[in-house]
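> Below is a structure I'd like to ask you about.
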Amino acid sequence: MLARGARVLAGPSLEDVEADVRVTGGSFSEVGPDLRAAPGEEVLDCSGMLAVPGLVNAHTHVGDSVAKGISDGLTVEGAVHPAYGAKRRVLSGTPPALLEGMMRSACRLMLSKGVTAFADFREGGLEGARMLRRAASGIPIRCLVFGRLEHYPGPGGGPLDGARRAELAALLAECDGIGISGANENPDPVLEEYGATGRAAIHAAESAQSVAASLERTGRGEVERALLARPLFLVHMVHAGPGDLGAARAARGIVACPRSNAALGAGAPDIRAMSDAGCTVALGTDNVMVNSPDMFREMDYASRSAEAAGRPVPARDVLRMATVNGARVLGTRGGQISPGADADMVLLDARSLELAPVHDPYEAVVHRATDSSVRAVVAGGRVVHGA
Ligand SMILES: [Zn+2]
């Protein structure tokens with residue numbers, strides 16, 4: 001397929017170029033001016049379009065899609081604590097078929113909003129992970145499942161018992177990784193066992209309370225303990241200090257979820273400090289019960305709240321967080337329009353009421369675009385939405 005005539009934000013730096021884009025199989029194969037169509041090649045007229053990489057939602061919990069809005073006014077603990085939060089009650093009290101159907105709806109919704117890949121921390125052990133795989137099956141969105149043992153002994157205690165170790169092995173066989181609720185729910189030996197898998201990711205320093213609880217109960221920082229799990233990435237890091245951010249460079253990156261943090265009264269992640277510390281920053285929308293899984297909203301909020309805090313981040317960098325960096329943190333081949341990358345892209349109508357005239361494409365995508373400016377979504381080399 002040859003997508004012709006778009007204004008393309010190309011390559012890992014999202015360079016603003018007029019270019020044609022060739023897709024071969026599921027990957028981009030060529031990006032350049034005036035590419036000639038091969039005999040029989042499908043040509044997609046993209047004049048007037050702004051082509052951006054498929055958005056990467058690097059942290060979700062689609063399992064609570066059935067509980068939209070119930071967390072309003074609750075704190076982090078009250079809403080999403082894995083053992084006694086409102087979410088736990090909803091998940092355990094909802095028929096599985098309904099949960100699965102709502103997860104499927106969340107996948108479809110994300111695709112319509114230009115999200116072509118997402119990583120979910122899925123509760124419910126092996127069956128929970130399988131439920132998400134079933135929900136996402138047949139939907140052309142890349143779904144990375146980070147499964148979880150429903151085991152929250154707290155920071156005291158010993159290693160996993162045999163049954164849990166077997167469940168962990170089963171999760172690893174079927175999941176992309178392990179999504180740990182947090183260091184405070186686990187003793188050191190368990191965090192180290194997760195670390196030995198090389199495929200863990202973990203929530204860390206989400207709230208001031210979780211950081212204080214770690215110090216009080218273990219005498220050590222929450223991020224320091226979270227790093228025992230040798231995570232691929234850390235999620236939140238709202239209350240991470242400079243030393244924590246330096247140590248976090250050992251991971252692929254940090255996934256910030258600024259709207260979720262705001263909604264749950266947890267504070268505001270300093271995405272500029274994270275970047276300045278040398279961490280790769282990605283963005284995620286977190287719990288669907290708290291927020292719509294909408295990366296346009298997440299980018300806009302991340303950008304504006306950084307400005308409000310006097311810690312501005314260029315719109316181009318925010319868009320990188322939602323694309324290039326997300327793929328880097330998750331270890332996928334997507335997130336950019338470059339030869340060899342997964343052919344995932346969003347075609348925005350630059351002539352739409354929302355966007356025209358586009359003086360600055362980064363500002364347009366981050367601050368103005370919504371799903372109403374999405375003309376088409378290409379995933380795995382096929383037009384899967386719109387056109
Ligand atoms: Zn989360």
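Simple scheme: letters A, B, ... for chains in structure tokens order, numbers from 1 for residues in each chain, numbers from 1 for ligands in the order shown.
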Residues contacting ligand 1 - anything with an atom at most 7 Å away, using only C-alpha atoms and all ligand atoms - can you give me those as a ChimeraX atom specification?

/A:59-61,121,203,235,286-287

> Residues of region 36-64 of chain A that approach region 106-115 of chain A to 8 Å or less, counting only C-alpha atoms: could you list each one with the shortest pair of atoms and its distance in Å to one decimal, rows by chain and increasing residue number, as a tab-separated table?


```
residue	atom	partner	partner_atom	distance
A:Gly54	CA	A:Val115	CA	5.8
A:Leu55	CA	A:Val115	CA	4.4
A:Val56	CA	A:Val115	CA	5.8
A:Asn57	CA	A:Val115	CA	6.6
A:Val62	CA	A:Ala106	CA	6.5
```

> Name all residues at most 9 Å from region 150-167 of chain A (count only C-alpha atoms; drop same-chain ones fewer than 2 positions away) and give them as an MDAnalysis selection string.

chainID A and resid 82:83 123:126 148 169:172 181 183:193 214 217:218

> If you run DSSP on the backbone here, which positions in region 134-239 of chain A get strand (DSSP E)? Please write them as an MDAnalysis selection string.

chainID A and resid 142:147 177:180 200:204 233:236

> Write out the residues from the selection above, keeping all heavy atoms, as a tab-separated table (two decimals), in the first residue's frame.


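Saved the output as result35.tsv:
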```tsv
chain	number	residue	atom	x	y	z
A	142	ARG	N	-2.76	-3.83	19.11
A	142	ARG	CA	-1.75	-4.64	19.78
A	142	ARG	C	-1.96	-4.54	21.28
A	142	ARG	O	-1.87	-3.45	21.85
A	142	ARG	CB	-0.36	-4.15	19.40
A	142	ARG	CG	0.77	-5.05	19.91
A	142	ARG	CD	2.12	-4.52	19.47
A	142	ARG	NE	2.21	-4.42	18.02
A	142	ARG	CZ	2.52	-5.42	17.20
A	142	ARG	NH1	2.80	-6.61	17.71
A	142	ARG	NH2	2.57	-5.24	15.89
A	143	CYS	N	-2.27	-5.66	21.88
A	143	CYS	CA	-2.62	-5.69	23.31
A	143	CYS	C	-1.51	-6.42	24.06
A	143	CYS	O	-1.33	-7.63	23.86
A	143	CYS	CB	-3.96	-6.41	23.46
A	143	CYS	SG	-4.36	-6.90	25.14
A	144	LEU	N	-0.78	-5.70	24.88
A	144	LEU	CA	0.24	-6.33	25.71
A	144	LEU	C	-0.35	-6.56	27.10
A	144	LEU	O	-0.78	-5.60	27.76
A	144	LEU	CB	1.49	-5.45	25.82
A	144	LEU	CG	2.49	-5.58	24.65
A	144	LEU	CD1	1.93	-5.00	23.37
A	144	LEU	CD2	3.81	-4.90	24.99
A	145	VAL	N	-0.37	-7.80	27.50
A	145	VAL	CA	-0.99	-8.16	28.79
A	145	VAL	C	0.09	-8.35	29.84
A	145	VAL	O	0.98	-9.19	29.68
A	145	VAL	CB	-1.82	-9.45	28.66
A	145	VAL	CG1	-2.47	-9.80	30.00
A	145	VAL	CG2	-2.87	-9.32	27.57
A	146	PHE	N	0.01	-7.57	30.90
A	146	PHE	CA	0.87	-7.76	32.07
A	146	PHE	C	-0.02	-8.36	33.16
A	146	PHE	O	-0.83	-7.67	33.78
A	146	PHE	CB	1.50	-6.43	32.51
A	146	PHE	CG	2.62	-6.00	31.59
A	146	PHE	CD1	2.35	-5.47	30.33
A	146	PHE	CD2	3.94	-6.17	31.95
A	146	PHE	CE1	3.38	-5.12	29.46
A	146	PHE	CE2	4.98	-5.83	31.10
A	146	PHE	CZ	4.69	-5.30	29.85
A	147	GLY	N	0.10	-9.68	33.31
A	147	GLY	CA	-0.76	-10.39	34.26
A	147	GLY	C	-0.27	-10.22	35.69
A	147	GLY	O	0.80	-9.66	35.94
A	177	GLY	N	4.15	-9.92	30.20
A	177	GLY	CA	4.93	-9.59	31.38
A	177	GLY	C	4.06	-9.71	32.62
A	177	GLY	O	2.92	-10.19	32.56
A	178	ILE	N	4.64	-9.28	33.74
A	178	ILE	CA	3.93	-9.30	35.02
A	178	ILE	C	3.74	-7.85	35.46
A	178	ILE	O	4.70	-7.07	35.51
A	178	ILE	CB	4.78	-10.06	36.08
A	178	ILE	CG1	5.05	-11.50	35.63
A	178	ILE	CG2	4.10	-10.03	37.45
A	178	ILE	CD1	3.82	-12.36	35.49
A	179	GLY	N	2.52	-7.48	35.78
A	179	GLY	CA	2.22	-6.12	36.23
A	179	GLY	C	2.01	-6.11	37.73
A	179	GLY	O	0.97	-6.53	38.22
A	180	ILE	N	2.98	-5.63	38.46
A	180	ILE	CA	2.93	-5.69	39.93
A	180	ILE	C	2.21	-4.46	40.48
A	180	ILE	O	2.50	-3.33	40.06
A	180	ILE	CB	4.37	-5.74	40.51
A	180	ILE	CG1	5.18	-6.86	39.83
A	180	ILE	CG2	4.35	-5.93	42.01
A	180	ILE	CD1	6.67	-6.80	40.16
A	200	ALA	N	9.00	-7.99	34.47
A	200	ALA	CA	8.06	-7.34	35.38
A	200	ALA	C	7.96	-5.85	35.06
A	200	ALA	O	8.85	-5.25	34.46
A	200	ALA	CB	8.52	-7.53	36.82
A	201	ALA	N	6.83	-5.28	35.46
A	201	ALA	CA	6.65	-3.83	35.46
A	201	ALA	C	5.88	-3.52	36.74
A	201	ALA	O	5.21	-4.40	37.29
A	201	ALA	CB	5.87	-3.37	34.23
A	202	ILE	N	5.98	-2.29	37.25
A	202	ILE	CA	5.44	-2.04	38.59
A	202	ILE	C	4.97	-0.60	38.75
A	202	ILE	O	5.55	0.32	38.20
A	202	ILE	CB	6.53	-2.39	39.65
A	202	ILE	CG1	5.97	-2.37	41.07
A	202	ILE	CG2	7.76	-1.49	39.52
A	202	ILE	CD1	6.90	-3.03	42.10
A	203	HIS	N	3.87	-0.43	39.49
A	203	HIS	CA	3.46	0.90	39.95
A	203	HIS	C	4.46	1.36	41.02
A	203	HIS	O	4.83	0.55	41.88
A	203	HIS	CB	2.09	0.85	40.63
A	203	HIS	CG	0.94	0.49	39.75
A	203	HIS	ND1	0.13	-0.59	39.99
A	203	HIS	CD2	0.42	1.09	38.65
A	203	HIS	CE1	-0.83	-0.65	39.08
A	203	HIS	NE2	-0.68	0.35	38.24
A	204	ALA	N	4.83	2.62	41.01
A	204	ALA	CA	5.75	3.11	42.05
A	204	ALA	C	5.53	4.59	42.32
A	204	ALA	O	5.30	5.38	41.40
A	204	ALA	CB	7.19	2.88	41.61
A	233	PHE	N	9.59	-1.25	33.22
A	233	PHE	CA	9.21	0.16	33.36
A	233	PHE	C	8.48	0.36	34.68
A	233	PHE	O	7.94	-0.58	35.26
A	233	PHE	CB	8.37	0.66	32.18
A	233	PHE	CG	7.13	-0.14	31.89
A	233	PHE	CD1	5.91	0.16	32.48
A	233	PHE	CD2	7.16	-1.20	30.98
A	233	PHE	CE1	4.76	-0.57	32.19
A	233	PHE	CE2	6.03	-1.95	30.70
A	233	PHE	CZ	4.82	-1.62	31.31
A	234	LEU	N	8.53	1.61	35.14
A	234	LEU	CA	7.86	2.02	36.37
A	234	LEU	C	6.67	2.89	35.98
A	234	LEU	O	6.78	3.71	35.07
A	234	LEU	CB	8.81	2.83	37.25
A	234	LEU	CG	10.04	2.07	37.75
A	234	LEU	CD1	11.30	2.90	37.56
A	234	LEU	CD2	9.88	1.66	39.20
A	235	VAL	N	5.56	2.71	36.66
A	235	VAL	CA	4.35	3.48	36.35
A	235	VAL	C	4.10	4.50	37.46
A	235	VAL	O	4.18	4.14	38.64
A	235	VAL	CB	3.14	2.53	36.21
A	235	VAL	CG1	1.87	3.33	35.88
A	235	VAL	CG2	3.39	1.48	35.14
A	236	HIS	N	3.82	5.73	37.07
A	236	HIS	CA	3.46	6.87	37.92
A	236	HIS	C	4.68	7.70	38.32
A	236	HIS	O	4.93	8.73	37.75
A	236	HIS	CB	2.66	6.47	39.17
A	236	HIS	CG	1.31	5.91	38.83
A	236	HIS	ND1	0.43	6.57	38.01
A	236	HIS	CD2	0.70	4.75	39.18
A	236	HIS	CE1	-0.66	5.84	37.87
A	236	HIS	NE2	-0.52	4.73	38.57
```

> Any idea what's packed within 9 Å of region 376-379 of chain A, counting only C-alpha atoms, ignoring anything in its chain fewer than 4 positions away? Could you give it as a PyMOL selection string?

chain A and resi 26+54+111-116+140-142+342-349+383-387

> Taking into account only C-alpha atoms, which residue in the set A:Asp294, A:Leu319, A:Ser305, A:Phe118 is nearest to Thr370 (chain A)?

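Nearest candidate to Thr370 (chain A) out of A:Asp294, A:Leu319, A:Ser305, A:Phe118: A:Asp294.
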
> Excluding Gly198 (chain A) and residues on its chain fewer than 3 positions from it, collect all residues at most 8 Å away from it, counting only C-alpha atoms, and give them as a ChimeraX atom specification.

/A:194-195,230-232

> Write to file, as a short mmCIF file (atom, residue, chain, number, x, y, z; two decimals), in the first residue's frame, the residues of the selection just made, with all heavy atoms.


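Output saved as selection16.cif:
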```cif
data_model
loop_
_atom_site.label_atom_id
_atom_site.label_comp_id
_atom_site.auth_asym_id
_atom_site.auth_seq_id
_atom_site.Cartn_x
_atom_site.Cartn_y
_atom_site.Cartn_z
N TYR A 194 10.13 -11.78 41.10
CA TYR A 194 9.60 -11.11 39.90
C TYR A 194 10.75 -10.57 39.06
O TYR A 194 10.75 -10.65 37.83
CB TYR A 194 8.67 -9.95 40.29
CG TYR A 194 7.33 -10.37 40.84
CD1 TYR A 194 6.78 -9.72 41.95
CD2 TYR A 194 6.58 -11.38 40.24
CE1 TYR A 194 5.54 -10.08 42.46
CE2 TYR A 194 5.34 -11.74 40.74
CZ TYR A 194 4.83 -11.09 41.85
OH TYR A 194 3.60 -11.44 42.34
N GLY A 195 11.74 -10.01 39.74
CA GLY A 195 12.89 -9.44 39.03
C GLY A 195 13.62 -10.50 38.21
O GLY A 195 14.09 -10.22 37.10
N ARG A 230 13.44 -5.31 39.26
CA ARG A 230 14.13 -5.04 37.99
C ARG A 230 13.12 -4.78 36.87
O ARG A 230 13.09 -5.46 35.84
CB ARG A 230 15.05 -6.21 37.64
CG ARG A 230 16.25 -6.25 38.60
CD ARG A 230 17.03 -7.54 38.60
NE ARG A 230 17.26 -8.08 37.29
CZ ARG A 230 17.63 -9.35 37.07
NH1 ARG A 230 17.78 -10.17 38.08
NH2 ARG A 230 17.83 -9.78 35.85
N PRO A 231 12.26 -3.79 37.09
CA PRO A 231 11.14 -3.60 36.16
C PRO A 231 11.57 -3.12 34.78
O PRO A 231 12.52 -2.36 34.65
CB PRO A 231 10.30 -2.53 36.86
CG PRO A 231 11.25 -1.79 37.73
CD PRO A 231 12.27 -2.81 38.19
N LEU A 232 10.83 -3.59 33.78
CA LEU A 232 11.00 -3.06 32.43
C LEU A 232 10.65 -1.57 32.45
O LEU A 232 11.29 -0.77 31.79
CB LEU A 232 10.07 -3.79 31.46
CG LEU A 232 10.29 -5.29 31.30
CD1 LEU A 232 9.18 -5.90 30.45
CD2 LEU A 232 11.65 -5.56 30.67
#
```

> Write out as an MDAnalysis selection string which residues come within 6 Å of region 36-45 of chain A when counting only C-alpha atoms, dropping same-chain ones fewer than 3 positions away.

chainID A and resid 1:4

> Keeping only N, CA and C atoms, write the selected residues as a short mmCIF file (atom, residue, chain, number, x, y, z; two decimals), in the first residue's frame.


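New file part.cif:
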```cif
data_model
loop_
_atom_site.label_atom_id
_atom_site.label_comp_id
_atom_site.auth_asym_id
_atom_site.auth_seq_id
_atom_site.Cartn_x
_atom_site.Cartn_y
_atom_site.Cartn_z
N MET A 1 0.85 -1.20 0.00
CA MET A 1 0.00 0.00 0.00
C MET A 1 0.88 1.24 0.00
N LEU A 2 0.46 2.22 -0.78
CA LEU A 2 1.20 3.48 -0.83
C LEU A 2 0.26 4.60 -0.35
N ALA A 3 0.63 5.22 0.77
CA ALA A 3 -0.14 6.36 1.30
C ALA A 3 0.52 7.62 0.76
N ARG A 4 -0.21 8.31 -0.07
CA ARG A 4 0.42 9.37 -0.86
C ARG A 4 -0.06 10.77 -0.45
#
```

> Quick one: of A:Gly253, A:Pro96, A:Pro258, A:Gly381, who's nearest to Gly340 (chain A), counting only C-alpha atoms?

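When distances to Gly340 (chain A) are compared using only C-alpha atoms, the smallest one comes from A:Gly381.
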
> Extract, using only C-alpha atoms, all DNA, RNA and protein residues at most 8 Å from Ala266 (chain A), discarding same-chain residues fewer than 2 positions from it, and format them as a list in words.

Thr75, Val76, Glu206, Ser207, Ala208, Val238, Asn261, Ala262, Ala263, Leu264 and Ala268 of chain A

> With only C-alpha atoms as the atoms that count, which of A:Gly241, A:Pro33, A:Gly93, A:Gly25 lies nearest to Pro269 (chain A)?

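The closest residue to Pro269 (chain A) is A:Gly241.
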
> So which one's closest to Pro242 (chain A), A:Arg220, A:Arg297, A:Arg272, A:Arg22? Using only C-alpha atoms, please.

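When distances to Pro242 (chain A) are compared using only C-alpha atoms, the smallest one comes from A:Arg272.
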
> With distances taken over only C-alpha atoms, which of A:Gly63, A:Gly331, A:Val290, A:Ser275 is nearest to Pro312 (chain A)?

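Among A:Gly63, A:Gly331, A:Val290, A:Ser275, it is A:Ser275 that comes nearest to Pro312 (chain A).
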
> Pull the alpha helix (DSSP H) assignments for region 325-355 of chain A out of DSSP run on the backbone, and list those residues as a PyMOL selection string.

chain A and resi 325-330

> Pull C-alpha atoms from the residues just selected and write them as a PDB file, in the first residue's frame.


```
ATOM      1  CA  ASN A 325       8.735   6.502  23.698  1.00  0.00           C
ATOM      2  CA  GLY A 326       5.706   4.327  24.398  1.00  0.00           C
ATOM      3  CA  ALA A 327       6.951   1.752  21.905  1.00  0.00           C
ATOM      4  CA  ARG A 328      10.456   1.971  23.337  1.00  0.00           C
ATOM      5  CA  VAL A 329       9.255   1.426  26.883  1.00  0.00           C
ATOM      6  CA  LEU A 330       7.042  -1.496  25.867  1.00  0.00           C
TER       7      LEU A 330
END
```

> CA of Ala256 (chain A) and CA of Ser13 (chain A), how far apart in Å?

20.0 Å

> Could you check how far CA of Val313 (chain A) sits from CA of Leu355 (chain A), in Å to one decimal?

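Here the two named atoms are 20.9 Å from each other.
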
> Using only C-alpha atoms, can you tell me which of A:Leu9, A:Ile70, A:Val366, A:Ala173 comes closest to Pro53 (chain A)?

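For Pro53 (chain A), the nearest of the given residues is A:Leu9.
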